[in-house]
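Data block for my_file_13.tsv (TSV, C-alpha atoms and all ligand atoms):
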chain	number	residue	atom	x	y	z
A	1	MET	CA	-73.11	125.42	-150.19
A	2	SER	CA	-74.29	128.52	-151.91
A	3	SER	CA	-75.21	128.26	-155.55
A	4	GLU	CA	-74.00	131.77	-156.08
A	5	SER	CA	-70.74	132.37	-157.89
A	6	PRO	CA	-68.06	134.57	-156.31
A	7	GLN	CA	-69.20	137.32	-158.59
A	8	GLY	CA	-72.78	137.00	-157.39
A	9	GLU	CA	-75.94	136.33	-159.34
A	10	ARG	CA	-75.82	137.61	-162.90
A	11	GLN	CA	-78.50	139.45	-164.77
A	12	PRO	CA	-80.11	137.95	-167.87
A	13	THR	CA	-78.76	139.22	-171.16
A	14	THR	CA	-80.46	142.25	-172.63
A	15	ASP	CA	-81.95	142.61	-176.09
A	16	GLN	CA	-78.76	144.31	-177.31
A	17	GLN	CA	-76.67	141.28	-176.51
A	18	ALA	CA	-76.29	138.27	-178.73
A	19	VAL	CA	-77.12	134.97	-177.08
A	20	GLY	CA	-73.50	133.89	-176.81
A	21	ASP	CA	-72.08	137.17	-175.48
A	22	VAL	CA	-70.52	137.42	-172.05
A	23	PRO	CA	-73.07	139.20	-169.86
A	24	LYS	CA	-72.33	142.94	-169.72
A	25	ASN	CA	-71.73	142.97	-165.98
A	26	ILE	CA	-68.71	140.68	-166.37
A	27	VAL	CA	-65.59	142.63	-167.17
A	28	ARG	CA	-62.95	139.89	-166.97
A	29	HIS	CA	-61.04	138.90	-170.09
A	30	PRO	CA	-62.44	136.11	-172.24
A	31	VAL	CA	-60.68	132.74	-172.08
A	32	LEU	CA	-62.54	131.63	-175.14
A	33	HIS	CA	-64.17	133.32	-178.09
A	34	ALA	CA	-65.95	131.39	-180.81
A	35	ASP	CA	-66.76	133.41	-183.91
A	36	LYS	CA	-69.33	131.94	-186.30
A	37	LEU	CA	-68.29	128.34	-185.88
A	38	SER	CA	-69.85	125.83	-188.23
A	39	LYS	CA	-69.39	122.10	-188.37
A	40	LYS	CA	-70.38	120.13	-191.45
A	41	VAL	CA	-69.87	116.41	-191.92
A	42	THR	CA	-70.63	114.07	-194.78
A	43	SER	CA	-72.53	110.96	-193.95
A	44	GLY	CA	-72.83	108.68	-196.95
A	45	GLU	CA	-74.09	110.84	-199.82
A	46	ARG	CA	-75.46	113.51	-197.55
A	47	SER	CA	-73.82	116.58	-196.13
A	48	LEU	CA	-74.99	117.43	-192.65
A	49	THR	CA	-74.51	120.73	-190.86
A	50	ILE	CA	-74.26	119.97	-187.15
A	51	LEU	CA	-73.47	123.53	-185.97
A	52	HIS	CA	-74.52	126.75	-187.72
A	53	ASP	CA	-72.62	130.04	-187.35
A	54	LEU	CA	-72.29	129.72	-183.63
A	55	SER	CA	-70.73	132.58	-181.67
A	56	LEU	CA	-69.93	132.43	-177.97
A	57	SER	CA	-67.62	134.19	-175.53
A	58	VAL	CA	-66.77	132.90	-172.07
A	59	ALA	CA	-65.01	135.03	-169.46
A	60	ALA	CA	-62.38	133.76	-167.02
A	61	GLY	CA	-64.01	132.23	-163.97
A	62	GLU	CA	-67.45	131.91	-165.52
A	63	SER	CA	-69.54	128.77	-165.31
A	64	VAL	CA	-71.69	128.14	-168.36
A	65	ALA	CA	-74.24	125.37	-168.86
A	66	ILE	CA	-75.20	124.23	-172.34
A	67	LEU	CA	-78.59	122.56	-172.47
A	68	GLY	CA	-80.36	120.98	-175.40
A	69	LYS	CA	-82.02	117.86	-176.70
A	70	SER	CA	-80.16	114.74	-177.73
A	71	GLY	CA	-78.62	115.32	-181.15
A	72	ALA	CA	-78.66	119.12	-180.81
A	73	GLY	CA	-74.88	119.23	-181.28
A	74	LYS	CA	-73.72	119.76	-177.67
A	75	SER	CA	-70.85	117.26	-177.68
A	76	THR	CA	-69.75	118.45	-181.11
A	77	LEU	CA	-69.71	122.02	-179.83
A	78	LEU	CA	-67.73	121.12	-176.70
A	79	GLY	CA	-65.10	119.33	-178.80
A	80	LEU	CA	-64.76	122.40	-181.02
A	81	LEU	CA	-64.57	124.85	-178.10
A	82	ALA	CA	-61.81	122.77	-176.49
A	83	GLY	CA	-59.84	122.64	-179.73
A	84	LEU	CA	-60.14	118.85	-179.89
A	85	ASP	CA	-61.97	119.07	-183.21
A	86	THR	CA	-61.68	121.63	-185.99
A	87	PRO	CA	-64.56	123.73	-187.33
A	88	SER	CA	-65.59	123.72	-191.00
A	89	ASP	CA	-65.90	127.50	-190.84
A	90	GLY	CA	-65.35	130.22	-188.28
A	91	GLU	CA	-62.60	130.86	-185.77
A	92	LEU	CA	-61.97	129.83	-182.22
A	93	THR	CA	-59.69	131.89	-180.01
A	94	LEU	CA	-58.52	130.07	-176.89
A	95	PHE	CA	-56.41	131.91	-174.29
A	96	GLY	CA	-55.89	134.63	-176.91
A	97	HIS	CA	-54.60	132.25	-179.62
A	98	ALA	CA	-56.45	131.78	-182.91
A	99	LEU	CA	-56.58	128.00	-183.28
A	100	SER	CA	-56.70	128.05	-187.08
A	101	ARG	CA	-53.09	129.23	-186.97
A	102	LEU	CA	-51.97	126.20	-184.98
A	103	ASP	CA	-51.47	122.64	-186.16
A	104	GLU	CA	-52.61	119.70	-184.06
A	105	ASP	CA	-49.40	119.66	-182.01
A	106	GLY	CA	-49.67	123.41	-181.43
A	107	ARG	CA	-53.27	123.02	-180.26
A	108	ALA	CA	-52.27	120.18	-177.93
A	109	ALA	CA	-49.43	122.29	-176.51
A	110	LEU	CA	-51.83	125.16	-175.89
A	111	ARG	CA	-54.25	122.87	-174.05
A	112	ALA	CA	-51.65	120.95	-172.04
A	113	GLY	CA	-52.14	121.56	-168.35
A	114	ARG	CA	-54.58	124.41	-168.98
A	115	VAL	CA	-57.65	122.60	-170.30
A	116	GLY	CA	-59.41	119.61	-168.74
A	117	PHE	CA	-62.07	117.62	-170.55
A	118	VAL	CA	-64.61	115.12	-169.21
A	119	PHE	CA	-65.88	113.12	-172.17
A	120	GLN	CA	-69.46	111.93	-172.34
A	121	ASN	CA	-68.17	108.37	-172.87
A	122	PHE	CA	-65.25	108.92	-170.42
A	123	GLN	CA	-62.54	107.73	-172.86
A	124	LEU	CA	-60.46	105.99	-170.24
A	125	LEU	CA	-57.64	103.82	-171.54
A	126	PRO	CA	-58.74	100.24	-170.86
A	127	THR	CA	-55.28	98.82	-170.09
A	128	LEU	CA	-54.42	101.48	-167.52
A	129	SER	CA	-55.53	101.52	-163.90
A	130	ALA	CA	-57.67	104.33	-162.51
A	131	LEU	CA	-54.53	105.93	-161.08
A	132	GLU	CA	-52.61	105.65	-164.36
A	133	ASN	CA	-55.54	107.11	-166.29
A	134	VAL	CA	-55.64	110.11	-163.96
A	135	MET	CA	-51.87	110.54	-164.28
A	136	LEU	CA	-51.96	110.70	-168.10
A	137	PRO	CA	-52.40	114.51	-168.45
A	138	LEU	CA	-49.47	115.00	-166.06
A	139	GLU	CA	-47.18	113.35	-168.60
A	140	LEU	CA	-47.93	116.22	-170.98
A	141	SER	CA	-47.51	118.74	-168.21
A	142	PRO	CA	-44.93	117.20	-165.84
A	143	ARG	CA	-44.65	118.22	-162.22
A	144	ALA	CA	-43.34	116.73	-158.98
A	145	GLY	CA	-45.37	114.24	-156.97
A	146	GLU	CA	-47.46	112.99	-159.89
A	147	THR	CA	-48.59	109.79	-158.20
A	148	GLN	CA	-49.67	111.59	-155.03
A	149	THR	CA	-51.46	114.27	-157.06
A	150	ALA	CA	-53.40	111.68	-159.05
A	151	ALA	CA	-54.22	109.70	-155.88
A	152	HIS	CA	-55.40	112.92	-154.22
A	153	TRP	CA	-57.82	113.57	-157.09
A	154	LEU	CA	-59.15	110.03	-157.04
A	155	ALA	CA	-59.80	110.46	-153.32
A	156	ARG	CA	-61.61	113.76	-153.99
A	157	VAL	CA	-64.04	112.02	-156.33
A	158	GLY	CA	-64.57	109.27	-153.74
A	159	LEU	CA	-62.40	106.60	-155.37
A	160	GLY	CA	-59.48	106.43	-152.96
A	161	GLU	CA	-60.11	102.68	-152.64
A	162	ARG	CA	-60.16	102.03	-156.38
A	163	VAL	CA	-56.79	103.30	-157.58
A	164	GLU	CA	-55.57	99.96	-158.96
A	165	HIS	CA	-58.80	99.03	-160.73
A	166	LEU	CA	-58.92	98.85	-164.50
A	167	PRO	CA	-61.83	100.68	-166.17
A	168	LYS	CA	-63.65	97.37	-166.82
A	169	GLN	CA	-63.51	96.69	-163.07
A	170	LEU	CA	-65.28	99.98	-162.34
A	171	SER	CA	-68.99	100.84	-162.57
A	172	GLY	CA	-70.12	103.43	-165.11
A	173	GLY	CA	-70.42	106.07	-162.42
A	174	GLU	CA	-66.97	105.22	-161.06
A	175	GLN	CA	-65.47	105.51	-164.54
A	176	GLN	CA	-67.15	108.88	-164.88
A	177	ARG	CA	-65.55	110.02	-161.64
A	178	VAL	CA	-62.13	108.84	-162.83
A	179	ALA	CA	-62.72	111.00	-165.91
A	180	VAL	CA	-63.54	113.97	-163.66
A	181	ALA	CA	-60.36	113.39	-161.62
A	182	ARG	CA	-58.31	113.21	-164.83
A	183	ALA	CA	-59.79	116.52	-166.03
A	184	PHE	CA	-58.77	118.29	-162.83
A	185	VAL	CA	-55.38	116.72	-162.13
A	186	THR	CA	-53.35	119.51	-163.77
A	187	ASP	CA	-55.26	122.33	-162.00
A	188	PRO	CA	-56.54	123.57	-165.36
A	189	GLU	CA	-57.85	127.07	-165.94
A	190	LEU	CA	-60.68	125.81	-168.13
A	191	VAL	CA	-62.71	122.61	-167.75
A	192	PHE	CA	-65.16	121.21	-170.26
A	193	ALA	CA	-67.45	118.48	-168.99
A	194	ASP	CA	-69.95	116.62	-171.14
A	195	GLU	CA	-72.78	115.48	-168.88
A	196	PRO	CA	-70.46	114.94	-165.91
A	197	THR	CA	-73.26	113.64	-163.70
A	198	GLY	CA	-75.05	111.64	-166.41
A	199	ASN	CA	-74.20	108.26	-164.88
A	200	LEU	CA	-74.37	109.16	-161.23
A	201	ASP	CA	-77.07	108.68	-158.63
A	202	PRO	CA	-78.39	111.96	-157.17
A	203	ASP	CA	-76.18	111.90	-154.05
A	204	THR	CA	-72.95	111.10	-155.89
A	205	GLY	CA	-73.94	113.57	-158.62
A	206	ALA	CA	-74.41	116.27	-155.98
A	207	GLN	CA	-70.92	115.56	-154.59
A	208	ILE	CA	-69.38	115.94	-158.04
A	209	ILE	CA	-71.34	119.14	-158.66
A	210	ASP	CA	-70.10	120.51	-155.32
A	211	LEU	CA	-66.55	119.60	-156.30
A	212	LEU	CA	-66.87	121.36	-159.67
A	213	PHE	CA	-68.21	124.54	-158.12
A	214	SER	CA	-65.79	124.58	-155.21
A	215	LEU	CA	-62.97	124.58	-157.79
A	216	ASN	CA	-64.76	127.29	-159.72
A	217	ARG	CA	-64.99	129.35	-156.55
A	218	GLU	CA	-61.61	128.60	-154.97
A	219	ALA	CA	-59.33	128.32	-157.99
A	220	GLY	CA	-61.37	130.44	-160.43
A	221	THR	CA	-61.62	127.49	-162.81
A	222	THR	CA	-63.80	128.34	-165.80
A	223	LEU	CA	-66.46	125.68	-166.33
A	224	ILE	CA	-68.28	124.88	-169.57
A	225	LEU	CA	-70.72	122.08	-168.94
A	226	VAL	CA	-73.13	120.17	-171.13
A	227	THR	CA	-75.93	118.81	-169.03
A	228	HIS	CA	-79.49	117.57	-168.91
A	229	ASP	CA	-79.37	117.96	-165.15
A	230	HIS	CA	-81.25	121.07	-164.06
A	231	ALA	CA	-79.72	120.93	-160.57
A	232	LEU	CA	-76.34	121.34	-162.22
A	233	ALA	CA	-77.48	123.98	-164.72
A	234	ARG	CA	-79.01	126.09	-161.95
A	235	ARG	CA	-75.63	126.34	-160.26
A	236	CYS	CA	-74.03	127.87	-163.36
A	237	ASP	CA	-73.70	131.61	-163.96
A	238	ARG	CA	-75.18	131.31	-167.43
A	239	CYS	CA	-77.40	128.72	-169.11
A	240	LEU	CA	-77.63	128.51	-172.90
A	241	ARG	CA	-79.73	126.24	-175.05
A	242	LEU	CA	-78.56	124.62	-178.26
A	243	ASP	CA	-81.28	123.65	-180.70
A	244	HIS	CA	-80.53	121.90	-183.99
A	245	GLY	CA	-76.98	123.24	-183.97
A	246	ARG	CA	-77.92	126.84	-183.20
A	247	LEU	CA	-77.46	128.68	-179.94
A	248	GLU	CA	-81.09	129.60	-179.44
A	249	ALA	CA	-81.61	131.14	-176.09
A	250	PHE	CA	-80.45	132.29	-172.75
A	251	VAL	CA	-82.33	130.10	-170.31
A	252	PRO	CA	-83.65	131.94	-167.24
A	253	LYS	CA	-82.80	129.84	-164.21
A	254	ASP	CA	-86.28	130.07	-162.74
A	255	THR	CA	-87.55	128.02	-165.69
A	256	LEU	CA	-85.35	125.11	-164.61
A	257	ASN	CA	-86.94	122.65	-162.23
A	258	GLU	CA	-85.43	122.20	-158.81
A	259	GLU	CA	-84.70	118.55	-159.47
A	260	GLY	CA	-85.93	117.84	-162.95
A	261	ASN	CA	-84.23	117.10	-166.19
A	262	GLN	CA	-85.12	118.79	-169.40
B	301	LIG	N1	-68.93	112.39	-187.40
B	301	LIG	C1	-70.24	112.50	-187.60
B	301	LIG	N2	-70.79	112.13	-188.77
B	301	LIG	C2	-72.12	112.26	-188.98
B	301	LIG	N3	-72.97	112.77	-188.08
B	301	LIG	C3	-72.49	113.15	-186.90
B	301	LIG	C4	-71.09	113.05	-186.58
B	301	LIG	N4	-70.91	113.51	-185.33
B	301	LIG	C5	-72.13	113.88	-184.88
B	301	LIG	N5	-73.07	113.67	-185.83
B	301	LIG	C6	-74.51	114.00	-185.71
B	301	LIG	O1	-74.58	115.32	-185.24
B	301	LIG	C7	-75.64	115.49	-184.33
B	301	LIG	C8	-75.13	116.11	-183.05
B	301	LIG	O2	-74.35	115.14	-182.34
B	301	LIG	P1	-73.83	115.43	-180.87
B	301	LIG	O3	-73.13	114.21	-180.41
B	301	LIG	O4	-73.07	116.70	-180.88
B	301	LIG	O5	-75.21	115.62	-180.10
B	301	LIG	P2	-75.51	115.89	-178.55
B	301	LIG	O6	-76.30	117.16	-178.46
B	301	LIG	O7	-74.26	115.81	-177.79
B	301	LIG	O8	-76.47	114.68	-178.17
B	301	LIG	P3	-76.59	113.80	-176.80
B	301	LIG	O9	-77.38	114.64	-175.83
B	301	LIG	O10	-77.38	112.60	-177.25
B	301	LIG	O11	-75.23	113.46	-176.34
B	301	LIG	C9	-76.26	114.11	-184.16
B	301	LIG	O12	-77.43	114.06	-184.95
B	301	LIG	C10	-75.22	113.16	-184.67
B	301	LIG	O13	-75.80	112.02	-185.25
B	302	MG	MG	-73.52	114.48	-176.40

Starting from the coordinates I provided, produce the structure as C-alpha cells.
Amino acid sequence: MSSESPQGERQPTTDQQAVGDVPKNIVRHPVLHADKLSKKVTSGERSLTILHDLSLSVAAGESVAILGKSGAGKSTLLGLLAGLDTPSDGELTLFGHALSRLDEDGRAALRAGRVGFVFQNFQLLPTLSALENVMLPLELSPRAGETQTAAHWLARVGLGERVEHLPKQLSGGEQQRVAVARAFVTDPELVFADEPTGNLDPDTGAQIIDLLFSLNREAGTTLILVTHDHALARRCDRCLRLDHGRLEAFVPKDTLNEEGNQ
C-alpha cells in the first residue's frame, strides 16, 4: 500500500507558517482549530502548566502525527482537541463550533457519531463483551443493524472470533484493537488515536496502520494520532513534535527511521 495520501506528498511548512498551521498547499476547510490552548492543573501545592499557548489547525482528510517524549503532554492535548477535556485558556473550534459556548452535553452531542477516540489505556467497560463495547457509540448515534456493524468492525481488526470475550479475557493488544473498532464503528469524520499500535507486535501493528490509512483514503477520515512509532508517523501527511507542552517543530519525515521509535 502506498504511504502517500490521496492529496499526494505535502511540502514542509515554510518560515512564514506557524508550526501548527495547515500546510499552504491544502485548501480544504479545517475540521479543527485550536487557538492558544493552555492546560494548567494543580497538583498538591503546585500549579503545573501542561500545555502552553498551543495553536493548531487540521484540515478535513488530513492525517497528523504528534510525536514527543513521555510526559510532553500528548494525551492531554488529544483530550483537549477532541473536546473530552476543557482548556484553562484558549479556544477550540470543532466542526465550526466554538466549544467554550457548549456545555458538556452540547460537546457530547457535537462529537456523537462524528468523532472517534482510541484511548491510550483503551477505556473498555469491563462488564461488557468486546461486541457490546464496540456497540456503545452506536447508542449515542443510533442506526440500523448495530450488532452486524459492530461485528463487522471487530472482524476488520482481526477479532471476529472474540466478540463475546470480556476485556479481562483479552490480551492487551486485543483490547487495543477493540478500542480501534469502537472508534470507527460510527464512520466518524475525525478519529483521534493515542498510540494505537503501542501494544501490538509489528505485524498486527502494520495491519492496524493499514486499516487507519485505508479509511483515511477511502472515507476521507481525518486522523490525529499520537505515536512513538515512526512507521506510523511516516505514513501521516504531517508530523509535529510536542516538547514540554509546546508544539516545537514540524518533523521532516526523512528524519524518522524506517522502523525505529523515537
Ligand atoms: N490531572 C493531572 N494532574 C497533574 N498532572 C497531570 C495531570 N494530567 C497530566 N499530568 C502531567 O502532565 C504531563 C503530561 O501528561 P500526558 O499524559 O499528556 O503526557 P504524554 O505526552 O501523553 O506521555 P506518555 O507518552 O507517557 O503517554 C505529565 O507530566 C503528567 O504527569
Ligand atoms: Mg500519553

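Taking only C-alpha atoms into account, A:Leu242 lies nearest to A:Thr227 out of the set A:Thr42, A:Thr255, A:Thr227, A:Asn121.
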
Wanna dump the chain A-ligand LIG 301 (chain B) contacts at 7 Å for me, each residue with its shortest atom pair and the distance in Å to one decimal, counting all atoms listed in the file, ordered by chain and number, as a Markdown table?
| residue | atom | partner | partner_atom | distance |
| --- | --- | --- | --- | --- |
| A:Val41 | CA | B:LIG301 | N2 | 5.4 |
| A:Thr42 | CA | B:LIG301 | C2 | 6.3 |
| A:Ser43 | CA | B:LIG301 | C2 | 5.2 |
| A:Leu48 | CA | B:LIG301 | N3 | 6.8 |
| A:Ile50 | CA | B:LIG301 | O1 | 5.0 |
| A:Gly68 | CA | B:LIG301 | O6 | 6.4 |
| A:Lys69 | CA | B:LIG301 | O9 | 5.7 |
| A:Ser70 | CA | B:LIG301 | O9 | 3.4 |
| A:Gly71 | CA | B:LIG301 | O5 | 3.6 |
| A:Ala72 | CA | B:LIG301 | O6 | 3.9 |
| A:Gly73 | CA | B:LIG301 | O4 | 3.1 |
| A:Lys74 | CA | B:LIG301 | O6 | 3.7 |
| A:Ser75 | CA | B:LIG301 | O7 | 3.7 |
| A:Thr76 | CA | B:LIG301 | O4 | 3.8 |
| A:Leu77 | CA | B:LIG301 | O4 | 6.4 |

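Compared by their closest atoms to A:Leu78, and using all atoms listed in the file, the residues A:Gln120, A:Gln169, A:Gln17, A:Ser100 rank with A:Gln120 nearest.
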
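Non-sequential neighbours of A:Val163 (distance at most 12 Å, separation of 3 or more positions within a chain, all atoms listed in the file) are Leu128, Ser129, Ala130, Leu131, Glu132, Asn133, Val134, Met135, Thr147, Gln148, Ala150, Ala151, His152, Trp153, Leu154, Ala155, Val157, Gly158, Leu159, Gly160, Leu166, Pro167, Gln169, Leu170, Glu174, Gln175, Arg177, Val178 and Ala181 of chain A.
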
**Request:** Have a look at atom CA of A:Arg101 and atom CA of A:Thr86 and let me know their distance in Å, one decimal.
**Result:** 11.5 Å

**Residue neighbourhood stretch 94-97 of chain A, 9 Å, only C-alpha atoms, exclusion window fewer than 6 positions, as a ChimeraX atom specification** = /A:30-34,81-83,110-111

**Request:** Would you mind telling me which residue in A:Glu161, A:Gly79, A:Leu200, A:Cys239 lies nearest to ligand MG 302 (chain B) when using only C-alpha atoms and all ligand atoms?
**Result:** A:Gly79
